[in-house]
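**Q** Provided below: model.csv, containing CSV, C-alpha atoms and all ligand atoms.
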chain,number,residue,atom,x,y,z
A,1,MET,CA,-14.5,-15.4,12.5
A,2,ASP,CA,-12.0,-16.1,15.2
A,3,ASP,CA,-8.8,-18.1,15.6
A,4,LEU,CA,-7.2,-16.4,12.6
A,5,LYS,CA,-3.7,-17.8,12.2
A,6,ASN,CA,-2.8,-17.6,8.5
A,7,ILE,CA,-3.7,-14.6,6.4
A,8,PHE,CA,-2.8,-14.0,2.8
A,9,VAL,CA,-2.7,-10.3,1.7
A,10,THR,CA,-2.3,-9.3,-1.9
A,11,GLY,CA,-1.1,-5.8,-2.7
A,12,GLY,CA,0.4,-5.4,0.7
A,13,ALA,CA,3.3,-3.3,-0.5
A,14,GLY,CA,1.0,-0.5,-1.7
A,15,PHE,CA,-0.5,2.4,0.2
A,16,ILE,CA,-3.5,0.8,2.0
A,17,GLY,CA,-2.3,-2.8,1.9
A,18,SER,CA,0.9,-1.9,3.8
A,19,ALA,CA,-1.1,-0.1,6.5
A,20,PHE,CA,-3.4,-3.2,6.7
A,21,VAL,CA,-0.4,-5.6,7.1
A,22,ARG,CA,0.8,-3.4,10.0
A,23,LEU,CA,-2.6,-3.5,11.6
A,24,LEU,CA,-2.9,-7.3,11.3
A,25,LEU,CA,0.5,-7.9,12.9
A,26,GLU,CA,-0.6,-5.6,15.8
A,27,GLU,CA,-4.1,-7.0,16.2
A,28,LEU,CA,-3.3,-10.7,15.8
A,29,PRO,CA,-0.1,-11.5,17.7
A,30,ASP,CA,-0.2,-15.2,16.8
A,31,ALA,CA,-1.1,-14.8,13.1
A,32,ARG,CA,1.3,-15.3,10.2
A,33,VAL,CA,0.9,-13.0,7.2
A,34,VAL,CA,1.9,-13.7,3.6
A,35,ASN,CA,2.2,-10.5,1.7
A,36,PHE,CA,1.9,-11.2,-2.1
A,37,ASP,CA,2.7,-8.3,-4.3
A,38,ALA,CA,4.1,-7.8,-7.8
A,39,LEU,CA,5.8,-4.5,-6.9
A,40,THR,CA,4.5,-2.5,-9.8
A,41,TYR,CA,5.3,1.2,-10.0
A,42,ALA,CA,2.9,1.7,-7.1
A,43,GLY,CA,4.3,-1.2,-4.9
A,44,ASN,CA,7.1,0.0,-2.8
A,45,PRO,CA,9.3,-2.2,-0.6
A,46,ASP,CA,10.1,1.0,1.4
A,47,ASN,CA,6.5,0.8,2.7
A,48,LEU,CA,7.5,-2.4,4.6
A,49,LYS,CA,11.0,-1.6,5.8
A,50,ASP,CA,9.9,-0.9,9.4
A,51,ILE,CA,8.3,-4.4,9.6
A,52,HIS,CA,10.8,-6.8,11.1
A,53,GLU,CA,8.5,-9.5,12.3
A,54,GLU,CA,9.3,-13.0,11.2
A,55,ARG,CA,5.5,-13.6,11.1
A,56,HIS,CA,5.4,-11.4,7.9
A,57,ARG,CA,6.6,-13.1,4.7
A,58,PHE,CA,6.9,-11.1,1.6
A,59,VAL,CA,6.5,-12.9,-1.7
A,60,ARG,CA,7.0,-11.1,-5.0
A,61,GLY,CA,4.4,-12.3,-7.5
A,62,ASP,CA,1.6,-11.4,-9.9
A,63,ILE,CA,-2.0,-12.3,-9.0
A,64,CYS,CA,-2.7,-13.1,-12.6
A,65,ASP,CA,-0.1,-15.9,-12.4
A,66,LYS,CA,-2.1,-18.9,-11.2
A,67,GLY,CA,1.0,-21.1,-10.5
A,68,ALA,CA,2.7,-18.4,-8.5
A,69,VAL,CA,-0.5,-17.7,-6.4
A,70,LEU,CA,-1.0,-21.4,-5.7
A,71,ALA,CA,2.6,-21.9,-4.8
A,72,ALA,CA,2.4,-19.1,-2.2
A,73,LEU,CA,-1.1,-19.8,-0.9
A,74,ASP,CA,-1.0,-22.6,1.7
A,75,GLU,CA,-3.7,-25.1,2.6
A,76,GLY,CA,-5.1,-23.9,5.9
A,77,THR,CA,-5.0,-20.2,5.0
A,78,ASP,CA,-7.9,-18.6,7.0
A,79,VAL,CA,-8.4,-15.4,5.0
A,80,LEU,CA,-7.3,-14.0,1.7
A,81,VAL,CA,-7.6,-10.1,1.6
A,82,ASN,CA,-7.3,-8.7,-1.9
A,83,PHE,CA,-5.9,-5.2,-2.2
A,84,ALA,CA,-3.8,-5.8,-5.3
A,85,ALA,CA,-5.1,-3.6,-8.1
A,86,GLU,CA,-4.2,-0.9,-10.6
A,87,SER,CA,-5.8,1.9,-8.6
A,88,HIS,CA,-5.3,5.3,-10.4
A,89,VAL,CA,-8.3,6.6,-12.4
A,90,ASP,CA,-6.2,8.9,-14.7
A,91,ARG,CA,-3.9,6.0,-15.7
A,92,SER,CA,-6.9,3.9,-16.6
A,93,ILE,CA,-8.0,6.7,-19.0
A,94,HIS,CA,-4.6,6.6,-20.7
A,95,SER,CA,-4.7,2.8,-21.0
A,96,ALA,CA,-7.1,0.3,-19.6
A,97,ASP,CA,-5.1,-2.9,-20.4
A,98,GLU,CA,-3.4,-3.4,-17.0
A,99,PHE,CA,-6.6,-2.6,-15.2
A,100,ILE,CA,-8.5,-5.4,-16.9
A,101,ARG,CA,-5.6,-7.8,-16.5
A,102,THR,CA,-5.0,-7.2,-12.8
A,103,ASN,CA,-8.4,-6.1,-11.5
A,104,VAL,CA,-10.6,-8.5,-13.4
A,105,LEU,CA,-8.5,-11.5,-14.4
A,106,GLY,CA,-6.3,-11.3,-11.3
A,107,THR,CA,-9.4,-11.3,-9.0
A,108,GLN,CA,-10.7,-14.5,-10.7
A,109,VAL,CA,-7.4,-16.2,-10.4
A,110,LEU,CA,-7.5,-15.4,-6.6
A,111,LEU,CA,-11.0,-16.6,-6.2
A,112,ASP,CA,-10.2,-19.9,-8.0
A,113,ALA,CA,-7.0,-20.3,-5.9
A,114,ALA,CA,-9.0,-19.6,-2.7
A,115,ARG,CA,-11.4,-22.4,-3.5
A,116,ALA,CA,-8.7,-24.8,-4.5
A,117,ARG,CA,-6.9,-24.2,-1.2
A,118,GLY,CA,-10.0,-24.3,1.0
A,119,VAL,CA,-9.5,-20.7,2.2
A,120,ARG,CA,-12.2,-19.9,4.8
A,121,ARG,CA,-13.0,-16.3,3.8
A,122,PHE,CA,-12.2,-14.0,0.9
A,123,VAL,CA,-12.2,-10.2,1.4
A,124,GLN,CA,-12.5,-8.1,-1.6
A,125,VAL,CA,-11.4,-4.5,-1.1
A,126,SER,CA,-13.6,-2.5,-3.5
A,127,THR,CA,-14.4,1.1,-4.0
A,128,ASP,CA,-17.4,3.5,-3.9
A,129,GLU,CA,-16.6,4.4,-7.5
A,130,VAL,CA,-18.4,1.2,-8.7
A,131,MET,CA,-21.6,3.1,-7.9
A,132,GLY,CA,-20.7,6.0,-10.3
A,133,SER,CA,-21.4,9.6,-9.6
A,134,LEU,CA,-24.0,11.3,-7.3
A,135,PRO,CA,-25.8,14.6,-8.1
A,136,ASP,CA,-24.4,17.7,-6.4
A,137,ARG,CA,-27.0,17.6,-3.6
A,138,ASP,CA,-26.5,17.1,0.1
A,139,ASP,CA,-29.3,14.5,0.4
A,140,ALA,CA,-27.9,11.9,-2.2
A,141,TYR,CA,-25.8,9.1,-0.8
A,142,PHE,CA,-24.3,5.7,-1.9
A,143,THR,CA,-25.8,2.8,0.0
A,144,GLU,CA,-25.1,-0.9,-0.4
A,145,ASP,CA,-28.2,-1.0,-2.6
A,146,SER,CA,-27.1,1.7,-5.0
A,147,PRO,CA,-26.9,0.4,-8.6
A,148,PHE,CA,-23.6,-0.2,-10.3
A,149,GLU,CA,-22.8,2.7,-12.6
A,150,PRO,CA,-19.0,2.8,-13.0
A,151,ASN,CA,-17.8,5.6,-15.2
A,152,SER,CA,-14.1,5.1,-15.7
A,153,PRO,CA,-12.1,2.0,-16.9
A,154,TYR,CA,-10.7,1.8,-13.4
A,155,SER,CA,-14.2,1.7,-11.7
A,156,ALA,CA,-15.6,-0.6,-14.4
A,157,SER,CA,-12.8,-3.1,-13.8
A,158,LYS,CA,-13.4,-2.9,-10.0
A,159,ALA,CA,-17.1,-3.4,-10.7
A,160,ALA,CA,-16.3,-6.5,-12.8
A,161,ALA,CA,-14.2,-7.8,-10.0
A,162,GLU,CA,-17.1,-7.4,-7.5
A,163,HIS,CA,-19.4,-9.3,-9.9
A,164,LEU,CA,-16.9,-12.2,-10.0
A,165,CYS,CA,-16.7,-12.2,-6.2
A,166,ARG,CA,-20.5,-12.3,-6.0
A,167,ALA,CA,-20.7,-15.1,-8.5
A,168,ALA,CA,-18.1,-17.2,-6.5
A,169,HIS,CA,-20.2,-16.8,-3.4
A,170,HIS,CA,-23.5,-17.5,-5.1
A,171,THR,CA,-22.4,-20.4,-7.3
A,172,HIS,CA,-19.5,-22.0,-5.4
A,173,LYS,CA,-20.5,-21.0,-1.9
A,174,LEU,CA,-17.1,-19.3,-1.3
A,175,ASP,CA,-17.4,-17.1,1.8
A,176,VAL,CA,-16.8,-13.6,0.3
A,177,VAL,CA,-17.2,-10.2,2.0
A,178,THR,CA,-16.7,-6.9,0.2
A,179,THR,CA,-15.9,-3.4,1.3
A,180,ARG,CA,-16.5,-0.2,-0.7
A,181,CYS,CA,-14.6,2.8,0.6
A,182,GLY,CA,-14.1,6.3,-0.6
A,183,ASN,CA,-11.0,8.4,-0.9
A,184,ASN,CA,-8.2,7.4,1.4
A,185,TYR,CA,-5.4,9.7,2.6
A,186,GLY,CA,-2.4,9.2,4.9
A,187,PRO,CA,1.2,8.1,5.0
A,188,ARG,CA,2.8,6.3,2.0
A,189,GLN,CA,0.3,7.2,-0.7
A,190,PHE,CA,1.9,7.3,-4.1
A,191,PRO,CA,2.1,11.0,-5.1
A,192,GLU,CA,0.1,10.6,-8.3
A,193,LYS,CA,-3.1,10.7,-6.2
A,194,PHE,CA,-4.5,14.2,-5.4
A,195,LEU,CA,-3.6,14.6,-1.7
A,196,PRO,CA,0.1,13.4,-1.8
A,197,LEU,CA,0.6,15.1,-5.2
A,198,MET,CA,-0.5,18.4,-3.6
A,199,LEU,CA,1.7,17.8,-0.6
A,200,SER,CA,4.8,16.9,-2.5
A,201,ASN,CA,4.3,19.8,-5.0
A,202,ALA,CA,3.6,22.4,-2.3
A,203,PHE,CA,6.7,21.3,-0.3
A,204,ALA,CA,8.7,22.1,-3.5
A,205,ASP,CA,6.7,25.4,-4.1
A,206,GLN,CA,5.4,23.9,-7.3
A,207,SER,CA,1.8,24.6,-8.5
A,208,ILE,CA,-1.1,22.4,-7.5
A,209,PRO,CA,-3.1,21.2,-10.5
A,210,VAL,CA,-6.9,21.3,-9.7
A,211,TYR,CA,-9.1,19.7,-12.4
A,212,GLY,CA,-11.9,21.7,-13.9
A,213,ASP,CA,-13.6,24.2,-11.5
A,214,GLY,CA,-12.5,22.3,-8.4
A,215,ARG,CA,-16.1,21.8,-7.3
A,216,ASN,CA,-16.1,17.9,-7.5
A,217,VAL,CA,-16.8,16.3,-4.1
A,218,ARG,CA,-14.9,13.4,-2.6
A,219,ASP,CA,-15.6,11.6,0.7
A,220,TRP,CA,-12.2,11.5,2.5
A,221,ILE,CA,-11.1,8.9,5.1
A,222,TYR,CA,-7.8,8.4,7.0
A,223,VAL,CA,-6.2,5.1,5.8
A,224,GLU,CA,-6.0,3.5,9.2
A,225,ASP,CA,-9.7,4.0,9.7
A,226,HIS,CA,-10.3,2.2,6.4
A,227,CYS,CA,-8.0,-0.6,7.5
A,228,ARG,CA,-9.9,-1.0,10.8
A,229,ALA,CA,-13.2,-1.2,8.8
A,230,ILE,CA,-11.7,-4.0,6.6
A,231,TYR,CA,-10.5,-5.8,9.7
A,232,ASP,CA,-14.0,-5.6,11.3
A,233,VAL,CA,-15.6,-6.9,8.1
A,234,MET,CA,-13.0,-9.6,7.8
A,235,THR,CA,-13.7,-10.8,11.4
A,236,GLU,CA,-17.4,-10.1,11.8
A,237,GLY,CA,-19.0,-9.3,8.5
A,238,ARG,CA,-21.7,-11.5,7.1
A,239,ALA,CA,-20.8,-13.8,4.3
A,240,GLY,CA,-22.0,-12.5,0.9
A,241,HIS,CA,-22.4,-9.0,2.2
A,242,VAL,CA,-21.1,-5.7,1.0
A,243,TYR,CA,-20.2,-2.9,3.5
A,244,ASN,CA,-19.8,0.7,2.6
A,245,VAL,CA,-17.0,2.5,4.4
A,246,GLY,CA,-16.9,6.3,4.9
A,247,ALA,CA,-16.1,8.9,7.5
A,248,ARG,CA,-18.9,11.3,6.6
A,249,ASN,CA,-16.3,13.7,5.4
A,250,GLU,CA,-17.3,15.2,2.0
A,251,ARG,CA,-15.3,18.0,0.7
A,252,ARG,CA,-14.9,19.9,-2.6
A,253,ASN,CA,-11.5,19.5,-4.2
A,254,LEU,CA,-10.8,23.2,-4.0
A,255,GLU,CA,-11.5,23.2,-0.3
A,256,VAL,CA,-9.1,20.2,0.1
A,257,ALA,CA,-6.4,22.0,-1.8
A,258,GLU,CA,-6.9,25.1,0.4
A,259,SER,CA,-6.7,23.0,3.6
A,260,VAL,CA,-3.5,21.4,2.5
A,261,LEU,CA,-1.8,24.7,1.6
A,262,ASP,CA,-3.0,26.3,4.9
A,263,ALA,CA,-1.7,23.4,6.8
A,264,LEU,CA,1.7,23.8,5.2
A,265,GLY,CA,1.7,27.6,5.5
A,266,LYS,CA,2.0,27.9,1.7
A,267,PRO,CA,0.1,30.5,-0.4
A,268,ARG,CA,-3.2,29.6,-2.0
A,269,THR,CA,-1.9,31.2,-5.2
A,270,LEU,CA,-0.1,27.9,-5.8
A,271,ILE,CA,-3.5,26.5,-6.9
A,272,LYS,CA,-3.6,26.2,-10.7
A,273,PHE,CA,-6.8,25.1,-12.5
A,274,VAL,CA,-6.0,22.7,-15.3
A,275,LYS,CA,-8.0,20.7,-17.9
A,276,ASP,CA,-10.7,18.5,-16.4
A,277,ARG,CA,-10.4,14.7,-16.2
A,278,PRO,CA,-12.5,13.2,-19.0
A,279,GLY,CA,-15.7,11.7,-17.5
A,280,HIS,CA,-14.9,13.2,-14.1
A,281,ASP,CA,-17.3,11.9,-11.5
A,282,GLN,CA,-19.0,14.9,-9.8
A,283,ARG,CA,-19.6,13.7,-6.3
A,284,TYR,CA,-19.0,10.7,-4.0
A,285,ALA,CA,-20.8,10.5,-0.6
A,286,ILE,CA,-21.1,7.3,1.4
A,287,ASP,CA,-23.8,6.3,3.9
A,288,PRO,CA,-21.8,4.1,6.3
A,289,SER,CA,-24.9,3.2,8.5
A,290,LYS,CA,-24.6,-0.5,7.9
A,291,ILE,CA,-21.1,-1.0,9.1
A,292,GLU,CA,-21.8,1.4,12.0
A,293,THR,CA,-24.9,-0.3,13.2
A,294,GLU,CA,-24.0,-3.9,12.4
A,295,LEU,CA,-20.3,-4.0,13.3
A,296,GLY,CA,-20.0,-0.9,15.6
A,297,TRP,CA,-17.2,0.5,13.4
A,298,ARG,CA,-16.5,4.3,13.7
A,299,PRO,CA,-13.6,6.4,12.3
A,300,ARG,CA,-11.1,7.5,14.9
A,301,GLU,CA,-9.6,10.5,13.0
A,302,THR,CA,-11.3,13.7,12.1
A,303,TRP,CA,-10.3,15.5,8.9
A,304,GLU,CA,-8.2,17.9,11.0
A,305,THR,CA,-6.3,15.2,13.0
A,306,GLY,CA,-5.9,12.9,10.0
A,307,LEU,CA,-4.6,15.7,7.8
A,308,ALA,CA,-2.2,16.9,10.5
A,309,LYS,CA,-0.8,13.3,10.8
A,310,THR,CA,-0.4,13.0,7.1
A,311,VAL,CA,1.3,16.4,6.7
A,312,ARG,CA,3.7,15.4,9.5
A,313,TRP,CA,4.6,12.1,7.9
A,314,TYR,CA,5.3,13.7,4.4
A,315,ARG,CA,7.3,16.4,6.1
A,316,GLU,CA,9.4,13.8,8.0
A,317,ASN,CA,9.8,11.4,5.0
A,318,ALA,CA,11.1,13.7,2.2
A,319,ASP,CA,13.5,10.9,1.2
A,320,TRP,CA,10.5,8.5,0.6
A,321,VAL,CA,8.8,11.1,-1.6
A,322,ALA,CA,12.1,11.7,-3.6
A,323,ARG,CA,12.6,8.0,-4.2
A,324,THR,CA,9.0,7.4,-5.1
A,325,ARG,CA,9.0,10.3,-7.7
A,326,SER,CA,11.2,8.2,-9.8
A,327,GLY,CA,12.0,8.3,-13.6
A,328,ALA,CA,8.8,6.4,-14.4
A,329,TYR,CA,6.7,8.8,-12.4
A,330,ARG,CA,8.3,11.8,-14.1
A,331,ASP,CA,7.3,10.3,-17.5
A,332,TYR,CA,3.7,9.9,-16.3
A,333,TYR,CA,3.7,13.4,-14.9
A,334,ALA,CA,4.8,14.9,-18.2
A,335,LYS,CA,2.1,13.0,-20.1
A,336,GLN,CA,-0.7,14.0,-17.6
A,337,TYR,CA,0.2,17.7,-16.9
A,338,GLY,CA,2.4,18.6,-19.9
A,339,THR,CA,5.3,19.7,-17.6
A,340,VAL,CA,7.7,18.0,-15.2
A,401,LIG,P1,-1.8,1.2,-4.6
A,401,LIG,O1,-1.8,1.5,-6.1
A,401,LIG,O2,-1.1,2.0,-3.7
A,401,LIG,O3,-1.3,-0.3,-4.4
A,401,LIG,C1,-1.6,-1.4,-5.2
A,401,LIG,C2,-0.7,-2.5,-4.9
A,401,LIG,O4,-1.0,-3.7,-5.7
A,401,LIG,C3,0.8,-2.2,-5.2
A,401,LIG,O5,1.6,-2.6,-4.1
A,401,LIG,C4,1.1,-3.0,-6.4
A,401,LIG,O6,2.4,-3.5,-6.6
A,401,LIG,C5,0.1,-4.2,-6.2
A,401,LIG,N1,-0.2,-4.9,-7.5
A,401,LIG,C6,-0.7,-4.2,-8.7
A,401,LIG,N2,-0.9,-5.2,-9.6
A,401,LIG,C7,-0.5,-6.4,-9.1
A,401,LIG,C8,-0.5,-7.7,-9.6
A,401,LIG,N3,-0.9,-8.0,-10.9
A,401,LIG,N4,-0.2,-8.7,-8.8
A,401,LIG,C9,0.2,-8.4,-7.5
A,401,LIG,N5,0.2,-7.2,-7.0
A,401,LIG,C10,-0.1,-6.2,-7.8
A,401,LIG,O7,-3.3,1.1,-4.3
A,401,LIG,P2,-4.1,1.5,-2.9
A,401,LIG,O8,-4.5,2.9,-3.0
A,401,LIG,O9,-3.3,1.0,-1.8
A,401,LIG,O10,-5.4,0.6,-3.1
A,401,LIG,C11,-5.5,-0.7,-2.6
A,401,LIG,C12,-6.8,-1.3,-3.0
A,401,LIG,O11,-7.9,-0.5,-2.4
A,401,LIG,C13,-7.2,-1.3,-4.5
A,401,LIG,O12,-7.8,-2.5,-4.7
A,401,LIG,C14,-8.1,-0.1,-4.7
A,401,LIG,O13,-9.0,-0.3,-5.7
A,401,LIG,C15,-8.8,-0.1,-3.3
A,401,LIG,N6,-9.3,1.2,-2.9
A,401,LIG,C16,-8.5,2.3,-2.9
A,401,LIG,C17,-8.9,3.5,-2.4
A,401,LIG,C18,-8.0,4.7,-2.3
A,401,LIG,O14,-8.5,5.8,-2.0
A,401,LIG,N7,-6.7,4.6,-2.6
A,401,LIG,C19,-10.2,3.6,-2.0
A,401,LIG,C20,-11.1,2.5,-2.0
A,401,LIG,C21,-10.6,1.3,-2.5
A,402,LIG,O1,-13.3,6.9,-4.2
A,402,LIG,C1,-12.3,5.9,-4.0
A,402,LIG,C2,-11.3,6.0,-5.1
A,402,LIG,O2,-10.5,7.2,-4.7
A,402,LIG,C3,-10.3,4.8,-5.2
A,402,LIG,O3,-11.1,3.7,-5.6
A,402,LIG,C4,-9.2,5.1,-6.1
A,402,LIG,O4,-8.3,4.0,-6.1
A,402,LIG,C5,-8.5,6.4,-5.7
A,402,LIG,O5,-7.5,6.7,-6.6
A,402,LIG,C6,-9.5,7.5,-5.6
A,402,LIG,O6,-10.0,7.9,-6.9
A,402,LIG,P1,-10.1,9.5,-7.3
A,402,LIG,O7,-10.1,9.6,-8.8
A,402,LIG,O8,-11.2,10.1,-6.5
A,402,LIG,O9,-8.7,10.0,-6.7
A,402,LIG,P2,-7.6,11.0,-7.2
A,402,LIG,O10,-6.7,11.2,-6.0
A,402,LIG,O11,-7.1,10.7,-8.5
A,402,LIG,O12,-8.5,12.4,-7.3
A,402,LIG,C7,-9.2,12.9,-6.3
A,402,LIG,C8,-10.0,14.1,-6.8
A,402,LIG,O13,-9.1,15.2,-7.1
A,402,LIG,C9,-10.8,13.8,-8.1
A,402,LIG,O14,-12.0,14.6,-8.1
A,402,LIG,C10,-9.8,14.3,-9.2
A,402,LIG,C11,-9.1,15.5,-8.5
A,402,LIG,N1,-7.7,15.7,-9.0
A,402,LIG,C12,-6.9,14.7,-9.0
A,402,LIG,C13,-5.6,14.9,-9.4
A,402,LIG,C14,-4.6,13.7,-9.5
A,402,LIG,C15,-7.3,17.0,-9.3
A,402,LIG,O15,-8.1,18.0,-9.2
A,402,LIG,N2,-6.0,17.2,-9.7
A,402,LIG,C16,-5.1,16.2,-9.8
A,402,LIG,O16,-4.0,16.4,-10.2
With the file now loaded, output its structure as structure tokens.
Ligand code: NAD
Ligand code: DAU
**A**
Amino acid sequence: MDDLKNIFVTGGAGFIGSAFVRLLLEELPDARVVNFDALTYAGNPDNLKDIHEERHRFVRGDICDKGAVLAALDEGTDVLVNFAAESHVDRSIHSADEFIRTNVLGTQVLLDAARARGVRRFVQVSTDEVMGSLPDRDDAYFTEDSPFEPNSPYSASKAAAEHLCRAAHHTHKLDVVTTRCGNNYGPRQFPEKFLPLMLSNAFADQSIPVYGDGRNVRDWIYVEDHCRAIYDVMTEGRAGHVYNVGARNERRNLEVAESVLDALGKPRTLIKFVKDRPGHDQRYAIDPSKIETELGWRPRETWETGLAKTVRWYRENADWVARTRSGAYRDYYAKQYGTV
């Protein structure tokens, strides 16, 4: 797809969406970007405060609200990129309601609105978690053909959203492409997720909660590498196709916790093993061969360079962390870990 002039991004005040909006403004100097976000607890206007371009228009709105979506989505929009979601697995275990509402109903509202407005392409930002959990063996990988086996209410809601996208493509011939990525890390990630939670706790010399035995494996990718992959799929991906995105960077949680503490110069004794997550997926590992061979995408950051950049950002943005760990977050923390 070329000549992209009007792009509609949902969830662009969140962690990955805000990085993607920055990338779009950089890569497409003539494009206008509408950033549609409800500003839930995870959406943060601070994430956009260094964007001064008039080509970026922020609209506060809920993707479940058909009228609001249609009012903001112009005829002639080239691409709709859907990041908006409830994204935290632990919260979905406490209560699934918002996950079903935003991730399932909201996606269908966006698909209908995209058809109504003649949007040329719909990009669904999905997750490797729709494919469930892999055995703890080095030779097992998720491919685009892996079956759907979601295990948490979060991943089940994202799987449902993918099914709706597939149906819109198959039945209504909407041009849909989907990405499935693993665990992102980098600047501006809400500190309920493992990596920023560790960083913000360790900076304050608080303990780092590691679930279960810490042997679960996640496949980590620097957020800008994920955004470049979405950009490549948006511009060059084949309609109706799914692309797995991963940096071939699998690590056990305990190893990740140790790397973070070492990078900060904090003692490993801060690690505290806590009660496991119910239904905790054992291992994610992504085979990114398709996006590598078809689109020539490669990650630019290694684990070491990405982690160093991330640590530097959190070190230099203590005020962002303090503001983000608001009253609402403290209530959640007490419920999840039993202490504040
Ligand atoms: P995030 O929680 O940081 O941001 C989500 C954003 O969506 C927030 O700005 C929030 O305000 C907005 N939002 C939530 N409900 C909304 C609604 N009803 N209407 C409009 N906006 C709403 O999430 P993230 O980590 O940046 O993830 C973004 C997307 O990427 C999600 O779809 C997630 O499933 C997917 N994803 C995330 C990861 C990861 O590691 N974080 C990996 C793969 C895929
Ligand atoms: O794989 C992609 C997914 O990665 C995304 O789709 C999700 O939106 C994103 O939240 C993430 O899901 P995870 O459940 O893997 O991420 P989280 O940061 O919550 O946890 C990462 C690992 O660390 C997981 O094995 C659970 C563990 N963990 C997490 C927390 C919050 C801990 O050991 N202690 C913790 O306090």
**Q** Taking into account only C-alpha atoms, which residue in the set A:Gln189, A:Gln108, A:Ser259, A:Ser95 is nearest to Ser18 (chain A)?
**A**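 Among the listed residues, A:Gln189 lies closest to Ser18 (chain A).
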**Q** Would you name the residues within 9 Å of ligand LIG 402 (chain A), counting only C-alpha atoms and all ligand atoms, and put them as a ChimeraX atom specification?
**A** /A:85-90,126-130,154-155,158,180-185,191-198,208-220,252-254,256-257,273-274,276-277,280-284,336-337
**Q** Neighbours of ligand LIG 401 (chain A) at 6 Å or closer, counting all atoms listed in the file: which residues, as a short mmCIF file (atom, residue, chain, number, x, y, z; two decimals) with C-alpha atoms, in the coordinates of the input?
**A**
data_model
loop_
_atom_site.label_atom_id
_atom_site.label_comp_id
_atom_site.auth_asym_id
_atom_site.auth_seq_id
_atom_site.Cartn_x
_atom_site.Cartn_y
_atom_site.Cartn_z
CA GLY A 11 -1.10 -5.80 -2.70
CA GLY A 12 0.40 -5.40 0.70
CA ALA A 13 3.30 -3.30 -0.50
CA GLY A 14 1.00 -0.50 -1.70
CA PHE A 15 -0.50 2.40 0.20
CA ILE A 16 -3.50 0.80 2.00
CA GLY A 17 -2.30 -2.80 1.90
CA ASP A 37 2.70 -8.30 -4.30
CA ALA A 38 4.10 -7.80 -7.80
CA LEU A 39 5.80 -4.50 -6.90
CA THR A 40 4.50 -2.50 -9.80
CA ALA A 42 2.90 1.70 -7.10
CA GLY A 43 4.30 -1.20 -4.90
CA GLY A 61 4.40 -12.30 -7.50
CA ASP A 62 1.60 -11.40 -9.90
CA ILE A 63 -2.00 -12.30 -9.00
CA CYS A 64 -2.70 -13.10 -12.60
CA PHE A 83 -5.90 -5.20 -2.20
CA ALA A 84 -3.80 -5.80 -5.30
CA ALA A 85 -5.10 -3.60 -8.10
CA GLU A 86 -4.20 -0.90 -10.60
CA SER A 87 -5.80 1.90 -8.60
CA THR A 102 -5.00 -7.20 -12.80
CA VAL A 125 -11.40 -4.50 -1.10
CA SER A 126 -13.60 -2.50 -3.50
CA THR A 127 -14.40 1.10 -4.00
CA CYS A 181 -14.60 2.80 0.60
CA GLY A 182 -14.10 6.30 -0.60
CA ASN A 183 -11.00 8.40 -0.90
CA ASN A 184 -8.20 7.40 1.40
#
**Q** For each of A:Glu54, A:Glu304, A:Asp3, A:Asp262, take the minimum atom-to-atom distance to Ile221 (chain A), counting only C-alpha atoms, then give the residue where this is smallest.
**A**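 Under the stated criterion, the closest residue is A:Glu304.
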**Q** Report, as JSON, the axis-aligned box around all atoms of region 65-75 of chain A present in the file, extended by 3 Å on each side; give centre and edge lengths in Å to one decimal place.
**A**
{"center_x": -0.5, "center_y": -20.5, "center_z": -4.9, "size_x": 12.4, "size_y": 15.2, "size_z": 21.0}
**Q** What gap, in Å, lies between CA of Glu250 (chain A) and CA of Gly186 (chain A)?
**A** 16.3 Å
**Q** Please indicate the distance in Å from CA of Leu261 (chain A) to CA of Trp320 (chain A), rounded to one decimal place.
**A** 20.4 Å
**Q** Applying 10 Å and only C-alpha atoms, which residues near Ala31 (chain A) remain after dropping the ones on its own chain fewer than 6 positions away? List them as a PyMOL selection string.
**A** chain A and resi 3-7+24-25+55-56+78
**Q** Can you work out the spacing between CA of Arg312 (chain A) and CA of Asn82 (chain A) in Å, to one decimal?
**A**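 Computing the Euclidean distance for CA of Arg312 (chain A) and CA of Asn82 (chain A) yields 28.8 Å.
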**Q** Looking at A:Glu255, A:Asp232, A:Asp136, A:Glu294, which one is nearest to Glu27 (chain A), with distances taken over all atoms listed in the file?
**A**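 Once distances to Glu27 (chain A) are computed over all atoms listed in the file, the minimum belongs to A:Asp232.
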**Q** So which one's closest to Asp175 (chain A), A:Met1, A:Ala96, A:Val109, A:Ala140? Using all atoms listed in the file, please.
**A**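 Checking each of A:Met1, A:Ala96, A:Val109, A:Ala140 against Asp175 (chain A), counting all atoms listed in the file, the winner is A:Met1.
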**Q** Can you work out which one of A:His94, A:Ser152, A:Arg166, A:Thr10 has the shortest atom-to-atom distance to Lys335 (chain A), counting all atoms listed in the file?
**A**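 Of the candidates, the smallest distance to Lys335 (chain A) is held by A:His94.
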**Q** Around the point (-3.9, 29.1, 1.5), in the coordinates given by the file, pick out the residues reaching within 9 Å, counting only C-alpha atoms, and return them as a PyMOL selection string.
**A** chain A and resi 257-271
**Q** Next, the residues of the selection above should be written as a short mmCIF file (atom, residue, chain, number, x, y, z; two decimals), in the coordinates of the input with C-alpha atoms.
**A**
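To be explicit, this is the file written out as again.cif:
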data_model
loop_
_atom_site.label_atom_id
_atom_site.label_comp_id
_atom_site.auth_asym_id
_atom_site.auth_seq_id
_atom_site.Cartn_x
_atom_site.Cartn_y
_atom_site.Cartn_z
CA ALA A 257 -6.40 22.00 -1.80
CA GLU A 258 -6.90 25.10 0.40
CA SER A 259 -6.70 23.00 3.60
CA VAL A 260 -3.50 21.40 2.50
CA LEU A 261 -1.80 24.70 1.60
CA ASP A 262 -3.00 26.30 4.90
CA ALA A 263 -1.70 23.40 6.80
CA LEU A 264 1.70 23.80 5.20
CA GLY A 265 1.70 27.60 5.50
CA LYS A 266 2.00 27.90 1.70
CA PRO A 267 0.10 30.50 -0.40
CA ARG A 268 -3.20 29.60 -2.00
CA THR A 269 -1.90 31.20 -5.20
CA LEU A 270 -0.10 27.90 -5.80
CA ILE A 271 -3.50 26.50 -6.90
#
